[in-house]
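Reviewing the structure listed below.
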Amino acid sequence: MIQNERIKFLNDKKEKNGDYVLYWMQASQRTEYNHALEYSIIKANSLKKPIVVFFGLTEKFPNANLRNFSFMLEGLYEVGKSLKDIGIKFVIQNISPEIGAIEMSNDASIVVVDKVYQRIERHWRNYVANNIDCPLIEIETNTVVPVEEVSKKEEYAAATIRPKINKLLNYFLLPLELTNSLKSSLSMGFDSLNIEDPEELIKYLKIDRSVKVAPNLFGGTSEAKSHLDSFIKNKIDRYDDLRNNPNLDYLSNMSPYLHFGQISPLYIVLKIIQTESSGKESYLEELIVRRELSMNYVYYNPNYDSYKGLPDWCRRTLEFHEKDPRDYIYSLKELENANTHDPYWNAAQKEMIYTGKMHGYMRMYWGKKVIEWSKSPIDAYKILIHLNDKYELDGRDANGYTGVAWCFGKHDRPWAERKIFGNIRYMNDKGLKRKFDPDAYAKKINDHSTNI
């Protein structure tokens with residue numbers, strides 16, 4: 001079942017007597033638990049039309065590089081194989097997605113698209129809605145509870161959004177089974193990239209190759225489900241008390257897969273609530289409340305990726321202390337190369353560079369220290385966004401932007417005033433030592449980076 005609250009018409013155009021229903025896949029790169037694909041199948045069956053799934057592969061997506069493209073193409077390979085198995089045509093083109101969607105809409109009865117939250121992708125959808133001659137219907141499938149149903153405004157903190165989500169949660173926790181679609185009988189040919197060999201395809205893309213492929217993370221729904229199964233079987237029972245220890249791998253590793261839409265958050269929640277684990281409430285708080293708080297921030301705050309997006313009190317206290325003397329000031333190059341006096345911070349930066357993912361607890365410390373070591377809070381903000389988006393597989397994401405903002409006080413409360421930070425929460429290496437052995441963490445990361 002697809003609740004009406006997940007469906008939004010982006011224009012008022014009338015259906016055409018086209019050759020197919022077009023699903024413009026972009027944010028939800030999967031066939032399982034994909035409400036947009038399910039809606040497309042239902043509409044196509046009612047119109048007695050086949051479906052074409054289109055994906056626009058733009059080489060110029062901001063801050064994308066070899067690491068991101070490799071992971072994404074591994075997932076799209078799996079999408080193509082799955083669609084072929086159920087008789088749906090998959091067209092992937094090297095074209096800016098909004099231009100490709102408009103061209104593909106010429107022979108479509110309607111166009112369906114998955115909902116997004118960030119600026120560039122929302123611009124694409126608005127542009128397409130205004131430049132096609134058939135309906136553009138947006139389906140929300142990458143949140144558990146639709147963002148506009150939860151709130152019509154930017155929420156202050158987890159405490160304000162939590163009751164709003166919980167009030168609606170049961171209504172949206174419905175399993176989704178894919179309806180059988182009409183087999184594609186289209187005789188027309190479509191120009192499409194060959195996705196059957198992602199490694200070969202990526203050789204011909206004109207992309208930034210300065211960041212290497214993450215060595216131990218591979219894209220695709222099957223990989224995501226494998227990580228999830230391992231988490232449920234081996235980790236979730238102790239997730240609550242061990243998740244903040246980067247020496248122990250008790251995280252689910254879902255964030256890269258959620259970022260690319262390779263696994264559904266609804267699917268994860270339904271799997272987790274079936275367990276009897278004592279750790280499930282803590283994990284669901286992160287997956288639902290905290291993650292969807294980040295969606296709320298990005299959706300309602302146009303400055304979500306810049307210093308201007310912070311609350312007034314955060315900027316006021318940081319700017320009051322902007323001229324405070326710093327014991328250390330590092331350039332972007334020094335930070336990017338993990339060349340600071342702090343072995344724990346250096347290890348966190350190396351973890352991100354070499355593995356494509358930094359442990360969540362170290363991300364907080366990492367961000368706080370850049371504030372302390374930069375000439376100004378604005379400089380610090382720019383550095384953190386740049387590094388996070390460049391190296392993290394789950395960068396360029398609502399969670400990432402919200403995580404950076406949190407380091408500057410967003411979704412937090414004022415703390416005791418101190419130099420540089422003012423009333424913003426402070427972290428130091430003594431706090432790390434109370435949680436775990438940071439020297440062991442640094443050694444583990446340094447040994448790992450040496451062996452790559």
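Chain identifiers are assigned as A, B, and so on, following the order in which chains appear in the structure tokens; residues are numbered from 1 within each chain, and ligands are numbered from 1 in order of appearance.
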**Report entry** Which of segment 228-348 of chain A DSSP labels helix (DSSP H, G or I), written as a ChimeraX atom specification
**Finding:** /A:228-234,236-242,255-259,265-273,280-300,307-309,312-320,332-336,343-348
Pull C-alpha atoms from the residues just selected and write them as a JSON list (two decimals), in the first residue's frame.
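Output file part.json is given in full below:
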[["chain", "number", "residue", "atom", "x", "y", "z"],
["A", 228, "LEU", "CA", 22.05, -5.17, 7.88],
["A", 229, "ASP", "CA", 21.74, -8.90, 8.51],
["A", 230, "SER", "CA", 25.19, -8.95, 10.11],
["A", 231, "PHE", "CA", 24.27, -5.98, 12.30],
["A", 232, "ILE", "CA", 21.08, -7.64, 13.52],
["A", 233, "LYS", "CA", 22.78, -10.97, 14.12],
["A", 234, "ASN", "CA", 26.04, -9.81, 15.71],
["A", 236, "ILE", "CA", 22.47, -4.73, 17.73],
["A", 237, "ASP", "CA", 22.28, -6.27, 21.22],
["A", 238, "ARG", "CA", 25.22, -4.14, 22.32],
["A", 239, "TYR", "CA", 24.66, -1.20, 19.99],
["A", 240, "ASP", "CA", 23.53, 1.14, 22.77],
["A", 241, "ASP", "CA", 26.64, 0.76, 24.94],
["A", 242, "LEU", "CA", 29.32, 0.13, 22.26],
["A", 255, "SER", "CA", 24.59, 5.36, 5.87],
["A", 256, "PRO", "CA", 26.29, 5.01, 2.43],
["A", 257, "TYR", "CA", 23.46, 2.76, 1.23],
["A", 258, "LEU", "CA", 20.79, 5.10, 2.57],
["A", 259, "HIS", "CA", 22.52, 8.04, 0.91],
["A", 265, "PRO", "CA", 14.71, 3.05, 5.66],
["A", 266, "LEU", "CA", 11.25, 1.51, 5.96],
["A", 267, "TYR", "CA", 12.66, -1.92, 5.14],
["A", 268, "ILE", "CA", 15.35, -1.48, 7.80],
["A", 269, "VAL", "CA", 12.84, -0.40, 10.44],
["A", 270, "LEU", "CA", 10.54, -3.34, 9.75],
["A", 271, "LYS", "CA", 13.49, -5.74, 10.06],
["A", 272, "ILE", "CA", 14.69, -4.14, 13.29],
["A", 273, "ILE", "CA", 11.31, -4.11, 15.06],
["A", 280, "LYS", "CA", 16.69, -1.69, 18.92],
["A", 281, "GLU", "CA", 15.18, 1.40, 20.54],
["A", 282, "SER", "CA", 18.52, 3.18, 20.51],
["A", 283, "TYR", "CA", 19.11, 2.26, 16.88],
["A", 284, "LEU", "CA", 15.61, 3.28, 15.77],
["A", 285, "GLU", "CA", 16.09, 6.65, 17.46],
["A", 286, "GLU", "CA", 19.09, 7.24, 15.17],
["A", 287, "LEU", "CA", 17.51, 5.82, 12.03],
["A", 288, "ILE", "CA", 14.13, 7.50, 12.34],
["A", 289, "VAL", "CA", 14.20, 10.52, 14.65],
["A", 290, "ARG", "CA", 17.75, 11.76, 14.10],
["A", 291, "ARG", "CA", 17.91, 10.96, 10.41],
["A", 292, "GLU", "CA", 14.54, 12.53, 9.66],
["A", 293, "LEU", "CA", 15.44, 15.56, 11.76],
["A", 294, "SER", "CA", 18.30, 16.03, 9.29],
["A", 295, "MET", "CA", 15.85, 15.74, 6.38],
["A", 296, "ASN", "CA", 13.70, 18.39, 8.04],
["A", 297, "TYR", "CA", 16.71, 20.71, 8.37],
["A", 298, "VAL", "CA", 17.79, 20.35, 4.76],
["A", 299, "TYR", "CA", 14.24, 20.60, 3.41],
["A", 300, "TYR", "CA", 13.24, 23.75, 5.27],
["A", 307, "TYR", "CA", 27.37, 28.92, 8.10],
["A", 308, "LYS", "CA", 24.35, 31.16, 7.41],
["A", 309, "GLY", "CA", 22.05, 28.22, 8.13],
["A", 312, "ASP", "CA", 21.18, 33.11, 15.55],
["A", 313, "TRP", "CA", 22.43, 32.16, 19.01],
["A", 314, "CYS", "CA", 25.12, 29.90, 17.55],
["A", 315, "ARG", "CA", 26.48, 32.52, 15.18],
["A", 316, "ARG", "CA", 26.26, 35.24, 17.83],
["A", 317, "THR", "CA", 28.32, 33.36, 20.43],
["A", 318, "LEU", "CA", 30.90, 32.13, 17.91],
["A", 319, "GLU", "CA", 31.37, 35.60, 16.41],
["A", 320, "PHE", "CA", 31.72, 37.17, 19.87],
["A", 332, "LEU", "CA", 42.90, 23.32, 4.53],
["A", 333, "LYS", "CA", 45.90, 21.54, 3.01],
["A", 334, "GLU", "CA", 47.34, 20.66, 6.42],
["A", 335, "LEU", "CA", 44.00, 19.39, 7.64],
["A", 336, "GLU", "CA", 43.29, 17.44, 4.48],
["A", 343, "PRO", "CA", 47.22, 12.01, 16.60],
["A", 344, "TYR", "CA", 43.55, 11.20, 17.26],
["A", 345, "TRP", "CA", 42.25, 13.85, 14.88],
["A", 346, "ASN", "CA", 44.80, 12.78, 12.27],
["A", 347, "ALA", "CA", 43.60, 9.20, 12.58],
["A", 348, "ALA", "CA", 39.98, 10.23, 12.06]]
Requested in this report: Considering only C-alpha atoms, return as an NGL selection string whatever protein or nucleic-acid residues lie within 8 Å of segment 385-395 of chain A, sequence-local ones (same chain, fewer than 6 positions apart) excluded.
Outcome: :A and (63-65 or 67-68 or 211 or 255-257 or 259 or 305 or 336 or 352-353 or 356-358 or 401 or 404)
Just-selected residues, N, CA and C atoms written as an mmCIF file, in the first residue's frame:
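Output saved as again.cif:
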data_model
loop_
_atom_site.group_PDB
_atom_site.id
_atom_site.type_symbol
_atom_site.label_atom_id
_atom_site.label_comp_id
_atom_site.auth_asym_id
_atom_site.auth_seq_id
_atom_site.Cartn_x
_atom_site.Cartn_y
_atom_site.Cartn_z
ATOM 1 N N ASN A 63 30.801 17.956 -6.323
ATOM 2 C CA ASN A 63 31.655 17.233 -5.370
ATOM 3 C C ASN A 63 31.678 15.724 -5.569
ATOM 4 N N ALA A 64 31.130 15.239 -6.671
ATOM 5 C CA ALA A 64 31.180 13.791 -6.931
ATOM 6 C C ALA A 64 32.546 13.424 -7.508
ATOM 7 N N ASN A 65 33.000 12.212 -7.202
ATOM 8 C CA ASN A 65 34.305 11.766 -7.662
ATOM 9 C C ASN A 65 34.283 10.257 -7.885
ATOM 10 N N ARG A 67 35.208 7.774 -6.148
ATOM 11 C CA ARG A 67 34.702 6.988 -5.021
ATOM 12 C C ARG A 67 33.181 6.905 -5.058
ATOM 13 N N ASN A 68 32.518 8.043 -5.223
ATOM 14 C CA ASN A 68 31.048 8.069 -5.258
ATOM 15 C C ASN A 68 30.511 7.326 -6.472
ATOM 16 N N VAL A 211 40.070 10.985 -5.669
ATOM 17 C CA VAL A 211 39.761 10.207 -4.468
ATOM 18 C C VAL A 211 39.562 8.758 -4.879
ATOM 19 N N SER A 255 24.675 3.992 6.385
ATOM 20 C CA SER A 255 24.593 5.359 5.872
ATOM 21 C C SER A 255 24.969 5.518 4.395
ATOM 22 N N PRO A 256 26.026 4.856 3.866
ATOM 23 C CA PRO A 256 26.287 5.011 2.426
ATOM 24 C C PRO A 256 25.144 4.476 1.562
ATOM 25 N N TYR A 257 24.537 3.393 2.005
ATOM 26 C CA TYR A 257 23.458 2.764 1.233
ATOM 27 C C TYR A 257 22.187 3.595 1.305
ATOM 28 N N HIS A 259 22.242 6.840 1.698
ATOM 29 C CA HIS A 259 22.523 8.042 0.912
ATOM 30 C C HIS A 259 22.187 7.852 -0.562
ATOM 31 N N ASP A 305 23.821 24.039 3.952
ATOM 32 C CA ASP A 305 25.226 23.659 3.763
ATOM 33 C C ASP A 305 26.170 24.826 3.960
ATOM 34 N N GLU A 336 43.611 18.498 5.430
ATOM 35 C CA GLU A 336 43.291 17.437 4.475
ATOM 36 C C GLU A 336 44.353 16.350 4.492
ATOM 37 N N MET A 352 38.701 8.539 7.177
ATOM 38 C CA MET A 352 37.792 9.021 6.152
ATOM 39 C C MET A 352 38.437 8.960 4.765
ATOM 40 N N ILE A 353 39.686 9.372 4.666
ATOM 41 C CA ILE A 353 40.371 9.396 3.368
ATOM 42 C C ILE A 353 40.510 7.988 2.786
ATOM 43 N N GLY A 356 36.558 5.789 3.298
ATOM 44 C CA GLY A 356 35.307 6.365 2.809
ATOM 45 C C GLY A 356 34.264 6.545 3.884
ATOM 46 N N LYS A 357 34.656 6.305 5.127
ATOM 47 C CA LYS A 357 33.687 6.407 6.218
ATOM 48 C C LYS A 357 34.441 6.649 7.528
ATOM 49 N N MET A 358 33.994 7.640 8.291
ATOM 50 C CA MET A 358 34.574 7.916 9.601
ATOM 51 C C MET A 358 33.588 7.479 10.679
ATOM 52 N N TYR A 401 25.326 17.199 6.336
ATOM 53 C CA TYR A 401 25.179 18.638 6.541
ATOM 54 C C TYR A 401 24.682 18.942 7.949
ATOM 55 N N VAL A 404 27.609 18.426 10.474
ATOM 56 C CA VAL A 404 28.499 19.585 10.528
ATOM 57 C C VAL A 404 27.832 20.713 11.311
#
Query - Residue list (strand (DSSP E), DSSP) for segment 7-222 of chain A, as a PyMOL selection string - result: chain A and resi 7-9+20-24+51-56+89-93+108-114+136-139
Report task. Provide the atom CA of Ser82 of chain A to atom CA of Leu174 of chain A distance in Å, to one decimal place. Result -> 22.7 Å
Query - Exercise: Tyr361 of chain A partners within 10 Å, only C-alpha atoms, chain neighbours under 3 positions left out, as a PyMOL selection string - result: chain A and resi 243-246+348+358+364-366+432+435
Report task. Excluding Thr141 of chain A and residues on its chain fewer than 5 positions from it, collect all residues at most 9 Å away from it, counting only C-alpha atoms, and give them as an MDAnalysis selection string. Result -> chainID A and resid 6 28 33:36 114:115 146 261 264:266
Report task. Find the spatial neighbours of Asn94 of chain A, counting only C-alpha atoms, within a cut-off of 7 Å - ignore same-chain residues fewer than 4 positions away - and output them as a count of residues only. Result -> 3
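Taking atom CA of Leu76 of chain A and atom CA of Thr143 of chain A as the two end points, the separation is 20.4 Å.
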Requested in this report: Write out as a list in words which residues come within 10 Å of Tyr171 of chain A when counting only C-alpha atoms, dropping same-chain ones fewer than 5 positions away.
Outcome: Gln3, Val145 and Asn166 of chain A
Take the residues just selected and output them with N, CA and C atoms as an mmCIF file, in the first residue's frame.
data_model
loop_
_atom_site.group_PDB
_atom_site.id
_atom_site.type_symbol
_atom_site.label_atom_id
_atom_site.label_comp_id
_atom_site.auth_asym_id
_atom_site.auth_seq_id
_atom_site.Cartn_x
_atom_site.Cartn_y
_atom_site.Cartn_z
ATOM 1 N N GLN A 3 0.525 5.128 0.877
ATOM 2 C CA GLN A 3 -0.337 6.138 1.468
ATOM 3 C C GLN A 3 -0.368 7.390 0.598
ATOM 4 N N VAL A 145 8.568 8.451 7.653
ATOM 5 C CA VAL A 145 7.398 9.330 7.694
ATOM 6 C C VAL A 145 7.670 10.516 6.773
ATOM 7 N N ASN A 166 6.530 10.145 16.147
ATOM 8 C CA ASN A 166 5.934 8.999 16.845
ATOM 9 C C ASN A 166 4.418 8.955 16.702
#
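When only C-alpha atoms are used to compute distances to Asn337 of chain A, the closest of the residues A:Ser192, A:Gln349, A:Ser70, A:Thr402 turns out to be A:Gln349.
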**Report entry** Glu121 of chain A environment, 12 Å, only C-alpha atoms, sequence neighbours closer than 3 positions dropped, as a PyMOL selection string
**Finding:** chain A and resi 25-27+56+58+61-62+96-98+113-118+124-128+299+396-397
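Between Asn130 of chain A and the residues A:Ile329, A:Ala159, A:Leu22, A:Leu10, the shortest atom-to-atom distance, using only C-alpha atoms, involves A:Leu10.
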Requested in this report: Measuring atom to atom with only C-alpha atoms, identify which of A:Pro414, A:Gly100, A:Gly403, A:Pro377 is nearest to Asp324 of chain A.
Outcome: A:Pro377
